[in-house]
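In what follows, a structure is listed as structure tokens, so that the remarks can point back to it.
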Amino acid sequence: MDGDTNNNQQGQAKPLPSNPVSPSTPEPKKSTNKGLIIGLIAGAVFLFIVVALLVGIFIVLSKPNKKDYATALDHHSKVSSELYNVNSKTSSLYYDISFSTENVMKNNADDIRDSSVKVKEEAKRLSETKAVKSDGKLNELYNKFDKKMVDYLAYVDKLVGSMVEVKGVYQSCKGVIGYSAVSPTVGDMKDCASKLGEADDKLSNEVVKNYASKAKLEVEAIAKLTDEIKSIKDPYGDSYEKYKTLRSQLRDHKSKLSDLSKDFRSDLERDLDDMNPKDESDAIRDALYEKVR
């Protein structure tokens, strides 16, 4: 019995430990700090709002107001006034050549140069106004005006110098070019042609230079024909045909010289009108008026 009992006990399975040890497992990760993430997002949103507000305030403060536009309009009025002085006095230079004294001509030339300097000064002040710097449309209009203004004033400067030079030549051409109570002699004509030739290298304006060059040729032709006509002993005898032909040629050259003077005037007026930045200036004025209403 005892042996059977022992055998039965051995055949029975051994009981498992009441607290089995499980295999080693990793500890669970710590959960993300949701509060920190929410804080960071909130901070970023707040920062964005602050930046946006600052940008908005900057835009509002940098935007020109009516007072800024009125200031720009005041500067523009000064530019326009000086520009008008330059144009009107430059246009009168043609008449100064024929009818003014050299001193008057030089004084007028100095006035034109002074007004040109004032145009540049006032234009610079206009460009520095808040309205022109901050308003895109006005800035574009000003840039167009400025480019044409610079070219125009450079043209005027060359024209003034050339016209003053030609005025001195005209003193030697009284009666040859233009009206004179005393008929010029052949010597007067030759002296006039010589002075026109000497002035050629000193003339920087193309219209004036072209006129002087062509006038010189016509005056030389007139002097030559006048000399030939005077040398004819019997203009109404055997030499009549020659006399008549020379007289006809003389009239033609005098007519061409007169036409040159007319073309000279019209060419000057054309160039001044084409280069004058008045239209660009008026565009700025109109834009400013719209803003100050």
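Identifiers for the structure tokens are assigned positionally: chains receive A, B, ... in sequence, residues are indexed from 1 per chain, and ligands are indexed from 1 in the order shown.
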Give me the range 204-257 of chain A side of the contact with range 159-181 of chain A, cut-off 12 Å, one line per residue showing its nearest atom pair and distance in Å at one decimal, counting only C-alpha atoms, sorted by chain and residue number, as JSON lines.
```
{"residue": "A:Ser204", "atom": "CA", "partner": "A:Ser162", "partner_atom": "CA", "distance": 6.1}
{"residue": "A:Asn205", "atom": "CA", "partner": "A:Leu159", "partner_atom": "CA", "distance": 5.3}
{"residue": "A:Glu206", "atom": "CA", "partner": "A:Leu159", "partner_atom": "CA", "distance": 8.6}
{"residue": "A:Val207", "atom": "CA", "partner": "A:Leu159", "partner_atom": "CA", "distance": 8.5}
{"residue": "A:Val208", "atom": "CA", "partner": "A:Ser162", "partner_atom": "CA", "distance": 6.6}
{"residue": "A:Lys209", "atom": "CA", "partner": "A:Ser162", "partner_atom": "CA", "distance": 8.0}
{"residue": "A:Asn210", "atom": "CA", "partner": "A:Ser162", "partner_atom": "CA", "distance": 11.4}
{"residue": "A:Tyr211", "atom": "CA", "partner": "A:Val166", "partner_atom": "CA", "distance": 10.0}
{"residue": "A:Ala212", "atom": "CA", "partner": "A:Val166", "partner_atom": "CA", "distance": 8.0}
{"residue": "A:Ser213", "atom": "CA", "partner": "A:Val166", "partner_atom": "CA", "distance": 11.5}
{"residue": "A:Ala215", "atom": "CA", "partner": "A:Ile177", "partner_atom": "CA", "distance": 8.6}
{"residue": "A:Lys216", "atom": "CA", "partner": "A:Ile177", "partner_atom": "CA", "distance": 10.3}
{"residue": "A:Glu218", "atom": "CA", "partner": "A:Ile177", "partner_atom": "CA", "distance": 10.2}
{"residue": "A:Val219", "atom": "CA", "partner": "A:Val176", "partner_atom": "CA", "distance": 7.4}
{"residue": "A:Glu220", "atom": "CA", "partner": "A:Val176", "partner_atom": "CA", "distance": 10.5}
{"residue": "A:Ala221", "atom": "CA", "partner": "A:Val176", "partner_atom": "CA", "distance": 11.9}
{"residue": "A:Ile222", "atom": "CA", "partner": "A:Val176", "partner_atom": "CA", "distance": 9.1}
{"residue": "A:Ala223", "atom": "CA", "partner": "A:Val176", "partner_atom": "CA", "distance": 9.5}
{"residue": "A:Thr226", "atom": "CA", "partner": "A:Val176", "partner_atom": "CA", "distance": 11.9}
{"residue": "A:His253", "atom": "CA", "partner": "A:Val176", "partner_atom": "CA", "distance": 11.8}
{"residue": "A:Lys254", "atom": "CA", "partner": "A:Val176", "partner_atom": "CA", "distance": 9.2}
{"residue": "A:Ser255", "atom": "CA", "partner": "A:Ile177", "partner_atom": "CA", "distance": 11.2}
{"residue": "A:Lys256", "atom": "CA", "partner": "A:Ile177", "partner_atom": "CA", "distance": 11.3}
{"residue": "A:Leu257", "atom": "CA", "partner": "A:Ile177", "partner_atom": "CA", "distance": 7.6}
```
Legend entry - Contacts of range 145-151 of chain A within 12 Å, only C-alpha atoms, excl. fewer than 6 positions in-chain, as an NGL selection string: :A and (76 or 79-80 or 82-83 or 86-87 or 116-117 or 119-124 or 126-127 or 138-139 or 157-158 or 271-285)
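Here CA of Tyr289 in chain A stands at a distance of 22.9 Å from CA of Lys118 in chain A.
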Legend entry - Among the residues A:Thr90, A:Asn108, A:Asn65, A:Thr101, the one that comes closest to Ser134 in chain A [using only C-alpha atoms]: A:Asn65
